Amino acid sequence: MSRSSSSSVQSLAMSEENHHNCADYAELRSNMQNLAKSSGITKALQAFRLMRTAAPGKPTIYDYNSLVNCCLKSENLCSHDLSTLYSEMKTLGLSPNASTFNTFLKGLNLIGESKVALWVTIEMCNHAFTPSFTSLSTLLKKCSDSMELEDAITVLELMMGLNYIPTEPQVILLINRLSKHGMTEKATLVLYKLLDKALFYGFCKKRLFKEASNCLNKMTTNSRFYPNVRTYTTFIKCLCDNGRIQEALSLLGRMEKRGLDPDIVTYNIILRALSNQNMVHEVFDLFQTIYQKELSPDRYTATALSGLLKKGNLGIARTLLHDIFYGGSDMDIAVYNVYYCLFSGFKSKELSYVIECMIKNDIEPNNITFNTILKGFCKGKSMDEALEYFQSIKKPDLVSFNTILSASCKKGDSKMVEKVIDLMKDEGFKLNVVGFTCLMQYYCNVGKLNDCLDVFECMISQGPRPSMVTINSLMIGLCKNQELEAAYRVFCNLESYGLSSDSRTYKILMRAAKIEGNDLLVEELQRKCRGEGVKPNN
DNA sequence: TTAGGGTTAG
C-alpha cells in the first residue's frame with residue numbers, strides 16, 4: 001500500500017518531460033524481476049543497479065525486497081547469493097524494513113541455513129523490528145534438527161524475551177537433544193526457563209493437579225523462578241473449576257503464608273466457586289476480608305455472585321451487589337445480565353427499568369441479555385409468548401434455540417419441540433450436545449425410553465459426544481421410570497463407549513437402589529466407589 | 001504464542 005501511494009504521489013508531481021522515465025522505471029523493474037527469477041543473481045543485480053538511472057531515489061527498498069523475493073523463486077539459490085544480496089543493500093545505503101528481514105528469513109529457512117537465519121533474526125531485532133512467533137518457532141525447530149543446540153538456546157531466549165512460548169513438542173525435542181549430547185546443564189537451564197511459563201500453565205490446563213503441584217513446589221525452591229500471585233491464582237482457578245474448593249482454599253492459605261497477597265482477581269475466582277456451591281456464609285466472610293484489605297470489588301466480583309442468585313439467595317446477593325454498584329466501579333453488560341436474574345418473574349415494568357438504566361449508561365444488550373430474558377419468558381406459562389419473544393431476537397444463536405428447545409422439552413410440549421427443531425433446520429443450526437440432551441430428557445419425561453436410548457446410542461456412534469450432564473440426565477431419566485437395571489447396565493458399559501462416570505452418577509444410582517431396597521446393588525455400588533476412586537463433579 | 005477473573009442453554 002505504501003509503495004503504491006508513494007508512487008501515485010510521485011506521478012502526480014511529475015512534469016511532462018520525465019514522464020518517459022516513469023515508463024522506463026516500470027520496464028526496468030519488471031526486467032529486473034524476470035532476470036531474478038530465471039537468470040541468476042549476477043544479471044539480476046546488474047538490472048537492479050540500472051534502475052538508478054530511472055529516477056532519483058530509485059531503486060527503493062520495495063524494489064529491493066521484490067528483487068530478493070524473485071531471487072527466492074529461482075531454483076539454484078544458495079546462501080552465498082543471499083549474502084551477496086545483503087551486501088548490496090548495505091552498499092546502496094538502503095534502509096531495510098520488516099518485510100526485508102522476513103523475506104530473507106523465508107529464503108534462509110527454505111534452504112535450511114539456520115545459522116545465517118539466526119544472524120538475520122538478530123539483525124532484525126537490532127533494527128527494532130519484531131520477528132514473528134512463526135519465524136522464531138520455525139528457526140527453533142531447524143536449529144534443534146540440525147543440532148545447532150547453542151543456537152537453539154539463543155532462539156529460545158529470544159522467544160522468551162518476546163513472551164513467545166514454544167510448543168510442547170519443540171521443547172521436548174530440544175531437551176532431548178541436549179540431554180543425549182551430555183549437555184545436561186543446558187537442558188536443566190531450558191527446563192527452568194520454561195518452568196514458570198509453559199509447563200506449569202500446561203499442567204493446570206490439562207488438569208494434571210499432581211504435576212502442577214509438584215511444579216509449583218519445585219518453583220518455590222528456586223529464587224529465580226519463585227511463583228507469584230498469578231502463578232498461584234492460575235492453580236486456584238484450575239482447582240475451583242474442577243470442584244476442588246477445599247484444596248483451592250488451602251492453597252490460598254499457603255500462598256498468604258509465603259508472603260503473597262491475593263488480589264481482587266484471586267478473590268473473585270474463589271467467590272465464584274463459593275457462590276456456585278451456594279456456600280453463603282463463606283461468601284459473606286470473604287467479602288469481609290476483601291473490604292478489610294481495602295480491595296475494591298469490581299464488575300467481576302458482581303458477576304461472580306451469579307451462583308447465589310441462581311440458587312435463590314436473592315437477599316444477600318442484592319445487598320452485596322448494591323455495595324458493589326455504589327462503590328464506584330464501572331459496570332458493564334455482563335453485570336446487567338446477572339442483575340436481570342434479580343427480577344425472577346421478569347415483570348415488564350422492572351425489565352423496562354433495567355433496560356432504561358442500561359441505555360442511560362450507554363450499555364448495549366447482547367445475545368446473553370436476550371437469552372436471559374428468553375429464559376424468563378420460558379419460565380412463564382405460555383410457550384407461545386416465549387416463541388413470540390424468541391422471534392423478536394434479531395440474530396438468535398444456538399443458545400437461544402437451546403433455551404426454547406429445553407423449555408419445550410421440559411414441558412413435554414411435543415408440537416413446540418417439533419416446531420423448534422424445524423426452525424433450527426431452516427436457519428441452518430445443528431443440534432449440539434445440549435440440544436440432544438434436552439431431547440433425551442423429553443423422551444424420558446413422556447416415557448419413550450427406547451427413543452431416549454436411541455438418541456444416546458446415536459450420539460456415541462456419530463457424535464456429538466455425550467457429556468457428563470448427558471450421562472447423568474440419562475441415569476436420572478431411567479431411574480425415574482423405574483428402569484434401575486437398565487441404568488446400571490448403561491453405567492457398567494460406559495467405559496466400553498469411552499465415557500466415564502462421576503460422583504453424581506453414583507449418587508443417582510445409589511439413591512434409586514436404596515429407594516427400591518436393592519441391597520445387592522447398593523453394596524455393589526459401594527464397592528465400585530471405593531475401588532475406582534470417584535471423580536469429583538465438574 | 002501472547003501467564004490469572006465474570007454473564008445465556010442440557
# chains A, B, ... in the order shown; residues from 1 in each chain; ligands from 1
$ interface_residues --of "chain A" --to "chain B" --cutoff "6 Å" --atoms "only C-alpha atoms (C1' of nucleotides)" --output "ChimeraX atom specification"
/A:164-165,230,233-234,265,269,300,303-304,334,337-338,368,371-372,399,402-403,434,437-438
$ residues_around --residues "stretch 42-47 of chain A" --least-positions-apart "6" --cutoff "6 Å" --atoms "only C-alpha atoms (C1' of nucleotides)" --output "ChimeraX atom specification"
/A:32,35-36
$ write_last_selection --atoms "C-alpha atoms" --output "mmCIF file, in the first residue's frame"
data_model
loop_
_atom_site.group_PDB
_atom_site.id
_atom_site.type_symbol
_atom_site.label_atom_id
_atom_site.label_comp_id
_atom_site.auth_asym_id
_atom_site.auth_seq_id
_atom_site.Cartn_x
_atom_site.Cartn_y
_atom_site.Cartn_z
ATOM 1 C CA MET A 32 14.906 -6.968 -13.056
ATOM 2 C CA LEU A 35 16.029 -11.869 -14.570
ATOM 3 C CA ALA A 36 15.979 -12.541 -10.829
#
$ select_by_dssp --residues "stretch 108-268 of chain A" --states "alpha helix (DSSP H)" --output "PyMOL selection string"
chain A and resi 108-110+114-126+133-145+149-161+168-180+184-194+200-205+209-220+229-241+245-257+264-268
$ residues_around --residues "A:Leu494" --least-positions-apart "6" --cutoff "9 Å" --atoms "only C-alpha atoms (C1' of nucleotides)" --output "ChimeraX atom specification"
/A:471,500-501
$ residues_around --residues "A:Leu423" --least-positions-apart "2" --cutoff "12 Å" --atoms "only C-alpha atoms (C1' of nucleotides)" --output "compact mmCIF listing (two decimals) with all heavy atoms, in the first residue's frame"
# COMPACT_ATOMS: atom_id res chain seq x y z
N LEU A 387 -42.20 -18.04 22.39
CA LEU A 387 -41.85 -18.14 20.96
C LEU A 387 -41.90 -16.77 20.30
O LEU A 387 -41.06 -16.42 19.48
CB LEU A 387 -42.79 -19.11 20.26
CG LEU A 387 -42.43 -19.41 18.80
CD1 LEU A 387 -41.13 -20.18 18.71
CD2 LEU A 387 -43.54 -20.20 18.11
N PHE A 390 -38.87 -15.00 21.29
CA PHE A 390 -37.76 -15.63 20.56
C PHE A 390 -37.67 -15.06 19.14
O PHE A 390 -36.60 -14.74 18.65
CB PHE A 390 -37.97 -17.14 20.51
CG PHE A 390 -37.00 -17.86 19.60
CD1 PHE A 390 -35.75 -18.25 20.08
CD2 PHE A 390 -37.33 -18.15 18.28
CE1 PHE A 390 -34.85 -18.90 19.25
CE2 PHE A 390 -36.43 -18.79 17.45
CZ PHE A 390 -35.20 -19.18 17.93
N GLN A 391 -38.84 -14.94 18.49
CA GLN A 391 -38.84 -14.48 17.11
C GLN A 391 -38.53 -12.99 16.98
O GLN A 391 -38.24 -12.53 15.89
CB GLN A 391 -40.17 -14.85 16.44
CG GLN A 391 -40.12 -16.32 16.05
CD GLN A 391 -41.47 -16.90 15.66
OE1 GLN A 391 -42.51 -16.42 16.12
NE2 GLN A 391 -41.45 -17.94 14.86
N PRO A 396 -30.86 -14.85 16.62
CA PRO A 396 -30.81 -15.88 17.66
C PRO A 396 -29.61 -16.79 17.41
O PRO A 396 -29.26 -17.05 16.25
CB PRO A 396 -32.12 -16.65 17.45
CG PRO A 396 -32.58 -16.31 16.07
CD PRO A 396 -32.03 -14.96 15.75
N LEU A 398 -27.25 -20.40 18.91
CA LEU A 398 -27.55 -21.78 19.30
C LEU A 398 -28.11 -21.83 20.73
O LEU A 398 -29.00 -22.63 21.03
CB LEU A 398 -26.28 -22.63 19.19
CG LEU A 398 -26.47 -24.14 19.29
CD1 LEU A 398 -27.50 -24.64 18.31
CD2 LEU A 398 -25.15 -24.86 19.08
N SER A 400 -29.95 -19.52 22.13
CA SER A 400 -31.35 -19.11 22.07
C SER A 400 -32.22 -20.31 21.70
O SER A 400 -33.25 -20.56 22.32
CB SER A 400 -31.57 -18.02 21.02
OG SER A 400 -30.50 -17.12 20.96
N PHE A 401 -31.79 -21.03 20.64
CA PHE A 401 -32.55 -22.21 20.22
C PHE A 401 -32.63 -23.24 21.34
O PHE A 401 -33.69 -23.80 21.62
CB PHE A 401 -31.92 -22.84 18.97
CG PHE A 401 -32.32 -22.15 17.70
CD1 PHE A 401 -31.45 -21.30 17.04
CD2 PHE A 401 -33.59 -22.35 17.17
CE1 PHE A 401 -31.83 -20.67 15.87
CE2 PHE A 401 -33.98 -21.72 16.00
CZ PHE A 401 -33.11 -20.87 15.35
N ASN A 402 -31.49 -23.48 22.00
CA ASN A 402 -31.49 -24.48 23.06
C ASN A 402 -32.36 -24.07 24.24
O ASN A 402 -32.97 -24.91 24.90
CB ASN A 402 -30.06 -24.74 23.55
CG ASN A 402 -29.29 -25.61 22.58
OD1 ASN A 402 -29.89 -26.34 21.79
ND2 ASN A 402 -27.98 -25.53 22.62
N ILE A 404 -35.17 -22.33 24.19
CA ILE A 404 -36.59 -22.57 23.91
C ILE A 404 -36.87 -24.06 23.70
O ILE A 404 -37.91 -24.59 24.09
CB ILE A 404 -37.09 -21.69 22.74
CG1 ILE A 404 -38.61 -21.68 22.73
CG2 ILE A 404 -36.53 -22.11 21.42
CD1 ILE A 404 -39.18 -20.44 22.10
N LEU A 405 -35.85 -24.77 23.16
CA LEU A 405 -36.00 -26.22 23.00
C LEU A 405 -36.07 -26.90 24.37
O LEU A 405 -36.93 -27.76 24.61
CB LEU A 405 -34.81 -26.78 22.20
CG LEU A 405 -34.80 -28.29 21.99
CD1 LEU A 405 -35.98 -28.73 21.13
CD2 LEU A 405 -33.50 -28.75 21.34
N MET A 416 -44.29 -28.06 20.12
CA MET A 416 -43.29 -26.98 20.17
C MET A 416 -41.89 -27.55 19.91
O MET A 416 -41.07 -26.92 19.24
CB MET A 416 -43.36 -26.28 21.53
CG MET A 416 -42.61 -24.97 21.60
SD MET A 416 -43.13 -23.73 20.41
CE MET A 416 -44.49 -22.96 21.25
N VAL A 417 -41.63 -28.75 20.44
CA VAL A 417 -40.32 -29.39 20.20
C VAL A 417 -40.11 -29.54 18.69
O VAL A 417 -39.06 -29.17 18.15
CB VAL A 417 -40.25 -30.78 20.89
CG1 VAL A 417 -38.99 -31.53 20.46
CG2 VAL A 417 -40.28 -30.62 22.40
N GLU A 418 -41.13 -30.06 18.02
CA GLU A 418 -41.03 -30.25 16.58
C GLU A 418 -40.81 -28.92 15.85
O GLU A 418 -39.97 -28.82 14.97
CB GLU A 418 -42.35 -30.85 16.09
CG GLU A 418 -42.18 -32.08 15.21
CD GLU A 418 -43.53 -32.74 14.97
OE1 GLU A 418 -44.20 -32.29 14.03
OE2 GLU A 418 -43.90 -33.64 15.74
N LYS A 419 -41.57 -27.92 16.30
CA LYS A 419 -41.51 -26.60 15.68
C LYS A 419 -40.09 -26.02 15.80
O LYS A 419 -39.54 -25.49 14.83
CB LYS A 419 -42.50 -25.68 16.38
CG LYS A 419 -42.88 -24.46 15.58
CD LYS A 419 -44.05 -23.77 16.26
CE LYS A 419 -44.83 -22.89 15.33
NZ LYS A 419 -46.07 -22.41 15.95
N VAL A 420 -39.52 -26.13 17.03
CA VAL A 420 -38.19 -25.55 17.25
C VAL A 420 -37.15 -26.28 16.40
O VAL A 420 -36.27 -25.65 15.78
CB VAL A 420 -37.80 -25.62 18.74
CG1 VAL A 420 -36.38 -25.13 18.96
CG2 VAL A 420 -38.76 -24.79 19.58
N ILE A 421 -37.26 -27.62 16.34
CA ILE A 421 -36.28 -28.36 15.54
C ILE A 421 -36.40 -28.00 14.06
O ILE A 421 -35.39 -27.82 13.36
CB ILE A 421 -36.45 -29.88 15.77
CG1 ILE A 421 -35.99 -30.19 17.21
CG2 ILE A 421 -35.63 -30.69 14.78
CD1 ILE A 421 -36.13 -31.63 17.61
N LYS A 425 -33.55 -26.24 11.63
CA LYS A 425 -33.16 -26.74 10.30
C LYS A 425 -33.21 -25.61 9.29
O LYS A 425 -32.29 -25.42 8.50
CB LYS A 425 -34.12 -27.86 9.88
CG LYS A 425 -33.59 -29.24 10.23
CD LYS A 425 -34.50 -30.31 9.66
CE LYS A 425 -34.32 -31.61 10.44
NZ LYS A 425 -35.51 -32.47 10.39
N ASP A 426 -34.34 -24.84 9.32
CA ASP A 426 -34.49 -23.73 8.38
C ASP A 426 -33.35 -22.74 8.49
O ASP A 426 -32.90 -22.17 7.51
CB ASP A 426 -35.81 -22.98 8.64
CG ASP A 426 -37.01 -23.87 8.32
OD1 ASP A 426 -36.81 -24.90 7.65
OD2 ASP A 426 -38.14 -23.53 8.75
N GLU A 427 -32.90 -22.50 9.73
CA GLU A 427 -31.88 -21.46 9.94
C GLU A 427 -30.47 -22.03 9.86
O GLU A 427 -29.49 -21.32 10.11
CB GLU A 427 -32.08 -20.82 11.32
CG GLU A 427 -33.45 -20.22 11.54
CD GLU A 427 -33.56 -18.79 11.03
OE1 GLU A 427 -32.55 -18.08 11.03
OE2 GLU A 427 -34.67 -18.40 10.62
N GLY A 428 -30.36 -23.31 9.57
CA GLY A 428 -29.03 -23.91 9.42
C GLY A 428 -28.31 -24.20 10.73
O GLY A 428 -27.09 -24.24 10.77
N PHE A 429 -29.06 -24.39 11.82
CA PHE A 429 -28.44 -24.74 13.11
C PHE A 429 -28.54 -26.24 13.34
O PHE A 429 -29.62 -26.82 13.15
CB PHE A 429 -29.13 -24.01 14.26
CG PHE A 429 -28.73 -22.57 14.40
CD1 PHE A 429 -29.46 -21.57 13.76
CD2 PHE A 429 -27.64 -22.21 15.16
CE1 PHE A 429 -29.10 -20.24 13.88
CE2 PHE A 429 -27.27 -20.88 15.29
CZ PHE A 429 -28.00 -19.90 14.65
N LYS A 430 -27.43 -26.86 13.74
CA LYS A 430 -27.46 -28.28 14.06
C LYS A 430 -27.56 -28.47 15.55
O LYS A 430 -27.03 -27.67 16.32
CB LYS A 430 -26.16 -28.94 13.58
CG LYS A 430 -26.18 -29.32 12.12
CD LYS A 430 -24.93 -30.13 11.81
CE LYS A 430 -24.91 -30.51 10.34
NZ LYS A 430 -23.60 -30.96 9.90
N LEU A 431 -28.25 -29.53 15.97
CA LEU A 431 -28.34 -29.82 17.40
C LEU A 431 -26.94 -30.14 17.93
O LEU A 431 -26.21 -30.92 17.31
CB LEU A 431 -29.24 -31.04 17.64
CG LEU A 431 -30.74 -30.83 17.56
CD1 LEU A 431 -31.46 -32.16 17.65
CD2 LEU A 431 -31.21 -29.93 18.71
$ atom_distance --atom1 "atom CA of A:Ile460" --atom2 "atom CA of A:Phe436"
11.6 Å
$ residues_around --residues "A:Pro96" --least-positions-apart "6" --cutoff "12 Å" --atoms "only C-alpha atoms (C1' of nucleotides)" --output "ChimeraX atom specification"
/A:60-65,68,86-90,102-104,120,123-129
$ residues_around --residues "stretch 463-466 of chain A" --least-positions-apart "6" --cutoff "8 Å" --atoms "only C-alpha atoms (C1' of nucleotides)" --output "ChimeraX atom specification"
/A:432-433,456,499
$ write_last_selection --atoms "N, CA and C atoms" --output "PDB file, in the first residue's frame"
ATOM      1  N   ASN A 432     -26.583 -29.560  19.064  1.00  0.00           N
ATOM      2  CA  ASN A 432     -25.320 -29.928  19.692  1.00  0.00           C
ATOM      3  C   ASN A 432     -25.623 -30.810  20.907  1.00  0.00           C
ATOM      4  N   VAL A 433     -24.596 -31.049  21.731  1.00  0.00           N
ATOM      5  CA  VAL A 433     -24.760 -31.978  22.857  1.00  0.00           C
ATOM      6  C   VAL A 433     -25.866 -31.508  23.813  1.00  0.00           C
ATOM      7  N   PHE A 456     -29.093 -41.619  22.558  1.00  0.00           N
ATOM      8  CA  PHE A 456     -27.822 -41.813  23.253  1.00  0.00           C
ATOM      9  C   PHE A 456     -26.850 -42.633  22.399  1.00  0.00           C
ATOM     10  N   LEU A 499     -16.594 -43.517  27.676  1.00  0.00           N
ATOM     11  CA  LEU A 499     -17.169 -42.480  28.548  1.00  0.00           C
ATOM     12  C   LEU A 499     -16.866 -42.836  30.004  1.00  0.00           C
TER      13      LEU A 499
END
$ closest_residue --among "A:Leu520, A:Asn472, A:Asp263, A:Asn278" --to "A:Ser503" --atoms "only C-alpha atoms"
A:Asn472
$ closest_residue --among "A:Lys37, A:Arg299, A:Arg244, A:Lys311" --to "A:Asp332" --atoms "only C-alpha atoms"
A:Arg299
$ atom_distance --atom1 "atom CA of A:Gly447" --atom2 "atom CA of A:Ala486"
14.1 Å
$ closest_residue --among "A:Val283, A:Gly259, A:Glu211, A:Asn31" --to "A:Tyr226" --atoms "only C-alpha atoms"
A:Gly259
$ closest_residue --among "A:Ala317, A:Ala273, A:Leu67, A:Leu77" --to "A:Ala248" --atoms "only C-alpha atoms"
A:Ala273
$ decode --residues "stretch 450-463 of chain A" --atoms "all heavy atoms" --output "compact mmCIF listing (two decimals), in the first residue's frame"
# COMPACT_ATOMS: atom_id res chain seq x y z
N ASN A 450 -37.09 -46.05 24.84
CA ASN A 450 -36.30 -46.58 23.72
C ASN A 450 -35.80 -45.46 22.81
O ASN A 450 -34.67 -45.51 22.34
CB ASN A 450 -37.13 -47.58 22.91
CG ASN A 450 -37.19 -48.91 23.63
OD1 ASN A 450 -36.28 -49.24 24.41
ND2 ASN A 450 -38.25 -49.66 23.41
N ASP A 451 -36.67 -44.45 22.60
CA ASP A 451 -36.24 -43.31 21.79
C ASP A 451 -35.07 -42.59 22.45
O ASP A 451 -34.12 -42.16 21.79
CB ASP A 451 -37.41 -42.33 21.59
CG ASP A 451 -38.45 -42.88 20.63
OD1 ASP A 451 -38.10 -43.80 19.86
OD2 ASP A 451 -39.61 -42.43 20.68
N CYS A 452 -35.16 -42.49 23.77
CA CYS A 452 -34.10 -41.83 24.52
C CYS A 452 -32.78 -42.59 24.34
O CYS A 452 -31.73 -42.00 24.05
CB CYS A 452 -34.48 -41.74 26.00
SG CYS A 452 -33.15 -41.19 27.03
N LEU A 453 -32.84 -43.91 24.49
CA LEU A 453 -31.63 -44.72 24.35
C LEU A 453 -31.11 -44.69 22.91
O LEU A 453 -29.89 -44.70 22.69
CB LEU A 453 -31.91 -46.16 24.78
CG LEU A 453 -32.04 -46.32 26.31
CD1 LEU A 453 -32.61 -47.69 26.67
CD2 LEU A 453 -30.71 -46.10 27.01
N ASP A 454 -32.03 -44.59 21.94
CA ASP A 454 -31.61 -44.48 20.54
C ASP A 454 -30.78 -43.21 20.32
O ASP A 454 -29.76 -43.24 19.64
CB ASP A 454 -32.84 -44.43 19.61
CG ASP A 454 -33.44 -45.82 19.43
OD1 ASP A 454 -32.79 -46.81 19.85
OD2 ASP A 454 -34.57 -45.92 18.90
N VAL A 455 -31.28 -42.12 20.91
CA VAL A 455 -30.55 -40.85 20.77
C VAL A 455 -29.15 -41.01 21.38
O VAL A 455 -28.14 -40.61 20.79
CB VAL A 455 -31.29 -39.68 21.45
CG1 VAL A 455 -30.44 -38.41 21.44
CG2 VAL A 455 -32.62 -39.41 20.76
N PHE A 456 -29.09 -41.62 22.56
CA PHE A 456 -27.82 -41.81 23.25
C PHE A 456 -26.85 -42.63 22.40
O PHE A 456 -25.69 -42.26 22.21
CB PHE A 456 -28.08 -42.51 24.60
CG PHE A 456 -26.86 -42.61 25.48
CD1 PHE A 456 -26.20 -41.48 25.92
CD2 PHE A 456 -26.38 -43.86 25.87
CE1 PHE A 456 -25.08 -41.57 26.75
CE2 PHE A 456 -25.27 -43.96 26.70
CZ PHE A 456 -24.62 -42.83 27.13
N GLU A 457 -27.36 -43.74 21.84
CA GLU A 457 -26.51 -44.59 21.02
C GLU A 457 -26.05 -43.86 19.76
O GLU A 457 -24.89 -43.99 19.35
CB GLU A 457 -27.26 -45.87 20.63
CG GLU A 457 -27.10 -46.95 21.67
CD GLU A 457 -28.04 -48.12 21.44
OE1 GLU A 457 -28.41 -48.36 20.27
OE2 GLU A 457 -28.40 -48.78 22.44
N CYS A 458 -26.96 -43.08 19.21
CA CYS A 458 -26.63 -42.30 18.02
C CYS A 458 -25.49 -41.31 18.34
O CYS A 458 -24.57 -41.13 17.54
CB CYS A 458 -27.88 -41.58 17.56
SG CYS A 458 -27.65 -40.58 16.13
N MET A 459 -25.58 -40.71 19.53
CA MET A 459 -24.53 -39.77 19.92
C MET A 459 -23.19 -40.48 20.06
O MET A 459 -22.14 -39.95 19.68
CB MET A 459 -24.88 -39.09 21.26
CG MET A 459 -25.99 -38.07 21.14
SD MET A 459 -26.50 -37.44 22.75
CE MET A 459 -25.22 -36.23 23.06
N ILE A 460 -23.22 -41.71 20.62
CA ILE A 460 -21.98 -42.45 20.80
C ILE A 460 -21.36 -42.80 19.45
O ILE A 460 -20.16 -42.64 19.24
CB ILE A 460 -22.21 -43.71 21.65
CG1 ILE A 460 -22.51 -43.32 23.09
CG2 ILE A 460 -21.00 -44.63 21.60
CD1 ILE A 460 -23.04 -44.45 23.94
N SER A 461 -22.23 -43.21 18.50
CA SER A 461 -21.65 -43.65 17.23
C SER A 461 -21.35 -42.50 16.28
O SER A 461 -20.40 -42.55 15.52
CB SER A 461 -22.57 -44.67 16.56
OG SER A 461 -23.83 -44.10 16.34
N GLN A 462 -22.19 -41.45 16.32
CA GLN A 462 -22.00 -40.37 15.33
C GLN A 462 -21.69 -39.01 15.92
O GLN A 462 -21.45 -38.06 15.17
CB GLN A 462 -23.26 -40.26 14.47
CG GLN A 462 -23.52 -41.47 13.60
CD GLN A 462 -24.90 -41.42 12.97
OE1 GLN A 462 -25.34 -40.37 12.54
NE2 GLN A 462 -25.59 -42.55 12.96
N GLY A 463 -21.71 -38.90 17.24
CA GLY A 463 -21.50 -37.61 17.85
C GLY A 463 -22.77 -36.79 17.83
O GLY A 463 -23.73 -37.22 17.20
